[in-house]
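J.: My structure file work_32.pdb, PDB, C-alpha atoms, pLDDT in the B column, is below:
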MODEL        1
ATOM      1  CA  MET R   1       0.000   0.000   0.000  1.00 54.00           C
ATOM      2  CA  THR R   2       2.724   2.463   0.849  1.00 72.00           C
ATOM      3  CA  ARG R   3       4.727   1.592  -2.247  1.00 75.00           C
ATOM      4  CA  SER R   4       1.797   2.422  -4.543  1.00 78.00           C
ATOM      5  CA  TRP R   5       1.122   5.590  -2.556  1.00 78.00           C
ATOM      6  CA  VAL R   6       4.739   6.719  -3.081  1.00 79.00           C
ATOM      7  CA  LEU R   7       4.534   5.937  -6.811  1.00 80.00           C
ATOM      8  CA  VAL R   8       1.334   7.932  -7.202  1.00 83.00           C
ATOM      9  CA  HIS R   9       2.818  10.953  -5.457  1.00 85.00           C
ATOM     10  CA  TYR R  10       6.034  10.603  -7.398  1.00 88.00           C
ATOM     11  CA  TRP R  11       4.030  10.533 -10.644  1.00 88.00           C
ATOM     12  CA  GLN R  12       2.055  13.644  -9.618  1.00 90.00           C
ATOM     13  CA  LEU R  13       5.265  15.455  -8.719  1.00 91.00           C
ATOM     14  CA  LEU R  14       6.728  14.613 -12.116  1.00 92.00           C
ATOM     15  CA  GLN R  15       3.606  15.955 -13.862  1.00 93.00           C
ATOM     16  CA  LEU R  16       3.787  19.195 -11.879  1.00 93.00           C
ATOM     17  CA  LEU R  17       7.480  19.550 -12.655  1.00 94.00           C
ATOM     18  CA  ASP R  18       6.715  18.926 -16.329  1.00 94.00           C
ATOM     19  CA  ILE R  19       4.150  21.752 -16.367  1.00 95.00           C
ATOM     20  CA  VAL R  20       6.531  24.153 -14.627  1.00 95.00           C
ATOM     21  CA  LEU R  21       9.329  23.322 -17.057  1.00 96.00           C
ATOM     22  CA  TYR R  22       7.063  23.819 -20.085  1.00 95.00           C
ATOM     23  CA  CYS R  23       6.023  27.236 -18.752  1.00 95.00           C
ATOM     24  CA  PHE R  24       9.639  28.195 -18.163  1.00 96.00           C
ATOM     25  CA  LEU R  25      10.616  26.987 -21.636  1.00 96.00           C
ATOM     26  CA  PHE R  26       7.742  28.918 -23.224  1.00 96.00           C
ATOM     27  CA  LEU R  27       8.764  32.139 -21.449  1.00 95.00           C
ATOM     28  CA  LEU R  28      12.424  31.640 -22.341  1.00 95.00           C
ATOM     29  CA  LEU R  29      11.721  31.000 -26.026  1.00 95.00           C
ATOM     30  CA  SER R  30       9.248  33.887 -26.215  1.00 94.00           C
ATOM     31  CA  THR R  31      11.786  36.288 -24.734  1.00 93.00           C
ATOM     32  CA  VAL R  32      14.564  35.118 -27.056  1.00 93.00           C
ATOM     33  CA  LEU R  33      12.251  35.316 -30.056  1.00 92.00           C
ATOM     34  CA  LEU R  34      11.059  38.828 -29.201  1.00 90.00           C
ATOM     35  CA  PHE R  35      14.595  40.139 -28.792  1.00 90.00           C
ATOM     36  CA  THR R  36      15.728  38.391 -31.970  1.00 92.00           C
ATOM     37  CA  ILE R  37      12.867  39.841 -34.003  1.00 91.00           C
ATOM     38  CA  HIS R  38      13.568  43.303 -32.627  1.00 89.00           C
ATOM     39  CA  VAL R  39      17.273  43.107 -33.505  1.00 91.00           C
ATOM     40  CA  LEU R  40      16.579  41.728 -36.980  1.00 90.00           C
ATOM     41  CA  TYR R  41      13.990  44.432 -37.648  1.00 90.00           C
ATOM     42  CA  GLU R  42      16.411  47.155 -36.574  1.00 91.00           C
ATOM     43  CA  LYS R  43      19.062  45.705 -38.873  1.00 92.00           C
ATOM     44  CA  TYR R  44      16.826  45.231 -41.941  1.00 92.00           C
ATOM     45  CA  GLU R  45      14.207  47.913 -41.274  1.00 92.00           C
ATOM     46  CA  ASP R  46      14.210  49.391 -44.787  1.00 92.00           C
ATOM     47  CA  LYS R  47      13.804  46.016 -46.513  1.00 93.00           C
ATOM     48  CA  VAL R  48      11.080  44.870 -44.115  1.00 91.00           C
ATOM     49  CA  ASP R  49       9.141  48.116 -44.580  1.00 92.00           C
ATOM     50  CA  ALA R  50       9.404  47.855 -48.379  1.00 93.00           C
ATOM     51  CA  ILE R  51       8.145  44.271 -48.352  1.00 93.00           C
ATOM     52  CA  GLY R  52       5.356  45.259 -45.959  1.00 91.00           C
ATOM     53  CA  LYS R  53       4.237  48.077 -48.274  1.00 93.00           C
ATOM     54  CA  LYS R  54       4.214  45.692 -51.244  1.00 94.00           C
ATOM     55  CA  ALA R  55       2.162  43.195 -49.243  1.00 92.00           C
ATOM     56  CA  ILE R  56      -0.368  45.855 -48.233  1.00 92.00           C
ATOM     57  CA  LYS R  57      -0.660  47.019 -51.849  1.00 93.00           C
ATOM     58  CA  GLU R  58      -1.272  43.431 -53.008  1.00 93.00           C
ATOM     59  CA  ILE R  59      -3.847  42.860 -50.271  1.00 90.00           C
ATOM     60  CA  LYS R  60      -5.694  46.013 -51.344  1.00 89.00           C
ATOM     61  CA  LYS R  61      -5.698  44.787 -54.967  1.00 89.00           C
ATOM     62  CA  GLN R  62      -7.075  41.408 -53.948  1.00 87.00           C
ATOM     63  CA  TYR R  63      -9.714  43.072 -51.781  1.00 84.00           C
ATOM     64  CA  ALA R  64     -10.793  45.244 -54.723  1.00 83.00           C
ATOM     65  CA  VAL R  65     -11.125  42.155 -56.934  1.00 82.00           C
ATOM     66  CA  LEU R  66     -13.132  40.366 -54.247  1.00 78.00           C
ATOM     67  CA  ASP R  67     -15.322  43.419 -53.758  1.00 75.00           C
ATOM     68  CA  GLU R  68     -15.945  43.736 -57.472  1.00 76.00           C
ATOM     69  CA  LYS R  69     -16.655  40.073 -58.163  1.00 74.00           C
ATOM     70  CA  VAL R  70     -18.450  38.873 -55.050  1.00 72.00           C
ATOM     71  CA  TRP R  71     -19.836  41.601 -52.848  1.00 67.00           C
ATOM     72  CA  SER R  72     -21.013  43.934 -55.628  1.00 65.00           C
ATOM     73  CA  GLU R  73     -22.898  41.037 -57.198  1.00 66.00           C
ATOM     74  CA  GLN R  74     -24.543  40.220 -53.887  1.00 63.00           C
ATOM     75  CA  ASP R  75     -25.475  43.878 -53.334  1.00 62.00           C
ATOM     76  CA  SER R  76     -27.118  44.151 -56.749  1.00 62.00           C
ATOM     77  CA  LYS R  77     -28.976  40.887 -56.159  1.00 62.00           C
ATOM     78  CA  ARG R  78     -30.158  42.093 -52.753  1.00 62.00           C
ATOM     79  CA  SER R  79     -31.269  45.477 -54.128  1.00 64.00           C
ATOM     80  CA  SER R  80     -33.267  43.833 -56.932  1.00 66.00           C
ATOM     81  CA  GLU R  81     -34.940  41.579 -54.353  1.00 66.00           C
ATOM     82  CA  GLN R  82     -35.732  44.626 -52.218  1.00 66.00           C
ATOM     83  CA  GLU R  83     -37.161  46.440 -55.233  1.00 69.00           C
ATOM     84  CA  GLU R  84     -39.375  43.444 -55.987  1.00 71.00           C
ATOM     85  CA  GLY R  85     -40.440  43.383 -52.343  1.00 70.00           C
ATOM     86  CA  LEU R  86     -41.357  47.071 -52.459  1.00 71.00           C
ATOM     87  CA  LYS R  87     -43.445  46.473 -55.578  1.00 74.00           C
ATOM     88  CA  ASN R  88     -45.258  43.659 -53.782  1.00 74.00           C
ATOM     89  CA  ALA R  89     -45.861  45.883 -50.753  1.00 73.00           C
ATOM     90  CA  VAL R  90     -47.295  48.674 -52.921  1.00 74.00           C
ATOM     91  CA  LYS R  91     -49.481  46.166 -54.746  1.00 77.00           C
ATOM     92  CA  PHE R  92     -50.811  44.780 -51.452  1.00 76.00           C
ATOM     93  CA  VAL R  93     -51.484  48.222 -49.960  1.00 73.00           C
ATOM     94  CA  SER R  94     -53.260  49.423 -53.111  1.00 77.00           C
ATOM     95  CA  MET R  95     -55.536  46.378 -52.999  1.00 79.00           C
ATOM     96  CA  GLN R  96     -56.531  47.183 -49.394  1.00 77.00           C
ATOM     97  CA  HIS R  97     -57.730  50.778 -50.145  1.00 75.00           C
ATOM     98  CA  ASP R  98     -56.589  51.900 -46.692  1.00 77.00           C
ATOM     99  CA  ASP R  99     -54.984  55.351 -46.220  1.00 78.00           C
ATOM    100  CA  ASP R 100     -53.532  54.414 -42.831  1.00 79.00           C
ATOM    101  CA  LEU R 101     -51.795  51.448 -44.440  1.00 73.00           C
ATOM    102  CA  TRP R 102     -50.284  53.775 -47.076  1.00 75.00           C
ATOM    103  CA  GLU R 103     -48.962  56.052 -44.335  1.00 79.00           C
ATOM    104  CA  GLU R 104     -47.469  53.040 -42.553  1.00 78.00           C
ATOM    105  CA  LEU R 105     -45.786  51.870 -45.757  1.00 72.00           C
ATOM    106  CA  VAL R 106     -44.289  55.312 -46.430  1.00 74.00           C
ATOM    107  CA  GLU R 107     -43.108  55.578 -42.834  1.00 77.00           C
ATOM    108  CA  GLN R 108     -41.508  52.126 -43.005  1.00 73.00           C
ATOM    109  CA  CYS R 109     -39.815  52.994 -46.312  1.00 72.00           C
ATOM    110  CA  LEU R 110     -38.297  56.112 -44.782  1.00 71.00           C
ATOM    111  CA  ASN R 111     -37.309  54.661 -41.418  1.00 74.00           C
ATOM    112  CA  LYS R 112     -36.670  50.950 -41.973  1.00 69.00           C
ATOM    113  CA  PRO R 113     -36.453  50.082 -45.679  1.00 63.00           C
ATOM    114  CA  GLU R 114     -35.144  46.578 -44.984  1.00 62.00           C
ATOM    115  CA  MET R 115     -38.309  45.825 -43.032  1.00 61.00           C
ATOM    116  CA  VAL R 116     -40.521  46.711 -46.039  1.00 57.00           C
ATOM    117  CA  TRP R 117     -38.884  43.927 -48.023  1.00 55.00           C
ATOM    118  CA  LYS R 118     -39.479  41.398 -45.219  1.00 58.00           C
ATOM    119  CA  TRP R 119     -42.996  42.695 -44.588  1.00 55.00           C
ATOM    120  CA  SER R 120     -43.968  42.495 -48.269  1.00 54.00           C
ATOM    121  CA  TRP R 121     -42.798  38.900 -48.604  1.00 51.00           C
ATOM    122  CA  THR R 122     -44.715  37.958 -45.491  1.00 53.00           C
ATOM    123  CA  LEU R 123     -47.854  39.572 -46.865  1.00 51.00           C
ATOM    124  CA  CYS R 124     -47.458  37.880 -50.258  1.00 50.00           C
ATOM    125  CA  SER R 125     -46.942  34.490 -48.688  1.00 51.00           C
ATOM    126  CA  CYS R 126     -50.057  34.961 -46.556  1.00 49.00           C
ATOM    127  CA  GLN R 127     -52.191  35.751 -49.586  1.00 50.00           C
ATOM    128  CA  THR R 128     -51.297  32.617 -51.534  1.00 46.00           C
TER     129      THR R 128
ENDMDL
END
How does the structure come out when it is put into structure tokens?

T.:
Amino acid sequence: MTRSWVLVHYWQLLQLLDIVLYCFLFLLLSTVLLFTIHVLYEKYEDKVDAIGKKAIKEIKKQYAVLDEKVWSEQDSKRSSEQEEGLKNAVKFVSMQHDDDLWEELVEQCLNKPEMVWKWSWTLCSCQT
């Protein structure tokens, strides 16, 4: 019984020592790396800055391409869907012959245009 107890405690002590050593090693390597990067940057500052500027320029080009090809297409698709939704809302309100409903539609268009699109699709789906 005592032999197993000693082995268990010995094993726990080794695990604790392992954790402490890993923390120490992490701090040591981080410190060395930070000082090394700082010294290398000071030595090659002009080259690093030039490469950084080229990288930023390339990232901006790629972002422009992505914006043009993907996000602009999605925006135009969304705006055409919203236009269709507004047409549906106007059609629904005109069928109701209710002036208060017209005022509500105009108010929603001015204050929350995205809600008009959702509202019109809800109304159209309720009618069918």

J.: Using all atoms listed in the file, which of the listed residues (R:Asp46, R:Glu68, R:Glu104, R:Glu58) sits closest to Val90 of chain R?

T.: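 Smallest distance to Val90 of chain R is found for R:Glu104.
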
J.: Atom CA of Ile59 of chain R and atom CA of Ile37 of chain R are how many Å apart?

T.: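 Result for atom CA of Ile59 of chain R versus atom CA of Ile37 of chain R: 23.5 Å, one decimal.
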
J.: Work out how far apart atom CA of Asp100 of chain R and atom CA of Lys87 of chain R are and give it in Å to one decimal.

T.: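 Between atom CA of Asp100 of chain R and atom CA of Lys87 of chain R the gap works out to 18.1 Å.
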
J.: What does the distance from atom CA of Phe35 of chain R to atom CA of Lys47 of chain R come to in Å, to one decimal?

T.: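 Rounded to one decimal, the two atoms are 18.7 Å apart.
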
J.: In the coordinates of the file, take the point (-48.3, 51.0, -46.7) and a cut-off of 10 Å; then, counting only C-alpha atoms, name each qualifying protein, DNA or RNA residue as a PyMOL selection string.

T.: chain R and resi 86+89-94+96+98-109+116+120

J.: Complete the atom set of segment 16-32 of chain R to N, CA, C and O atoms and return it as a compact mmCIF listing (two decimals), in the coordinates of the input.

T.:
# COMPACT_ATOMS: atom_id res chain seq x y z
N LEU R 16 3.69 17.80 -12.29
CA LEU R 16 3.79 19.20 -11.88
C LEU R 16 5.10 19.81 -12.35
O LEU R 16 5.13 20.92 -12.88
N LEU R 17 6.18 19.09 -12.20
CA LEU R 17 7.48 19.55 -12.66
C LEU R 17 7.48 19.73 -14.18
O LEU R 17 8.04 20.69 -14.70
N ASP R 18 6.82 18.84 -14.88
CA ASP R 18 6.72 18.93 -16.33
C ASP R 18 5.99 20.21 -16.74
O ASP R 18 6.43 20.92 -17.65
N ILE R 19 4.91 20.53 -16.06
CA ILE R 19 4.15 21.75 -16.37
C ILE R 19 5.00 22.99 -16.10
O ILE R 19 5.05 23.92 -16.91
N VAL R 20 5.68 23.01 -14.98
CA VAL R 20 6.53 24.15 -14.63
C VAL R 20 7.64 24.32 -15.65
O VAL R 20 7.94 25.44 -16.11
N LEU R 21 8.25 23.23 -16.07
CA LEU R 21 9.33 23.32 -17.06
C LEU R 21 8.81 23.80 -18.42
O LEU R 21 9.48 24.58 -19.10
N TYR R 22 7.64 23.34 -18.82
CA TYR R 22 7.06 23.82 -20.08
C TYR R 22 6.77 25.31 -20.02
O TYR R 22 7.01 26.04 -20.99
N CYS R 23 6.28 25.80 -18.90
CA CYS R 23 6.02 27.24 -18.75
C CYS R 23 7.33 28.02 -18.82
O CYS R 23 7.42 29.05 -19.49
N PHE R 24 8.34 27.54 -18.13
CA PHE R 24 9.64 28.20 -18.16
C PHE R 24 10.21 28.20 -19.58
O PHE R 24 10.72 29.22 -20.05
N LEU R 25 10.11 27.09 -20.27
CA LEU R 25 10.62 26.99 -21.64
C LEU R 25 9.86 27.93 -22.57
O LEU R 25 10.45 28.60 -23.41
N PHE R 26 8.55 28.01 -22.41
CA PHE R 26 7.74 28.92 -23.22
C PHE R 26 8.18 30.36 -23.00
O PHE R 26 8.36 31.12 -23.96
N LEU R 27 8.33 30.77 -21.75
CA LEU R 27 8.76 32.14 -21.45
C LEU R 27 10.16 32.42 -21.99
O LEU R 27 10.42 33.49 -22.54
N LEU R 28 11.06 31.47 -21.86
CA LEU R 28 12.42 31.64 -22.34
C LEU R 28 12.44 31.80 -23.86
O LEU R 28 13.06 32.73 -24.40
N LEU R 29 11.75 30.92 -24.57
CA LEU R 29 11.72 31.00 -26.03
C LEU R 29 11.01 32.26 -26.51
O LEU R 29 11.44 32.87 -27.50
N SER R 30 9.95 32.66 -25.83
CA SER R 30 9.25 33.89 -26.22
C SER R 30 10.15 35.10 -26.07
O SER R 30 10.20 35.97 -26.94
N THR R 31 10.88 35.16 -24.96
CA THR R 31 11.79 36.29 -24.73
C THR R 31 12.89 36.32 -25.79
O THR R 31 13.18 37.37 -26.37
N VAL R 32 13.50 35.18 -26.05
CA VAL R 32 14.56 35.12 -27.06
C VAL R 32 14.02 35.51 -28.43
O VAL R 32 14.65 36.27 -29.17
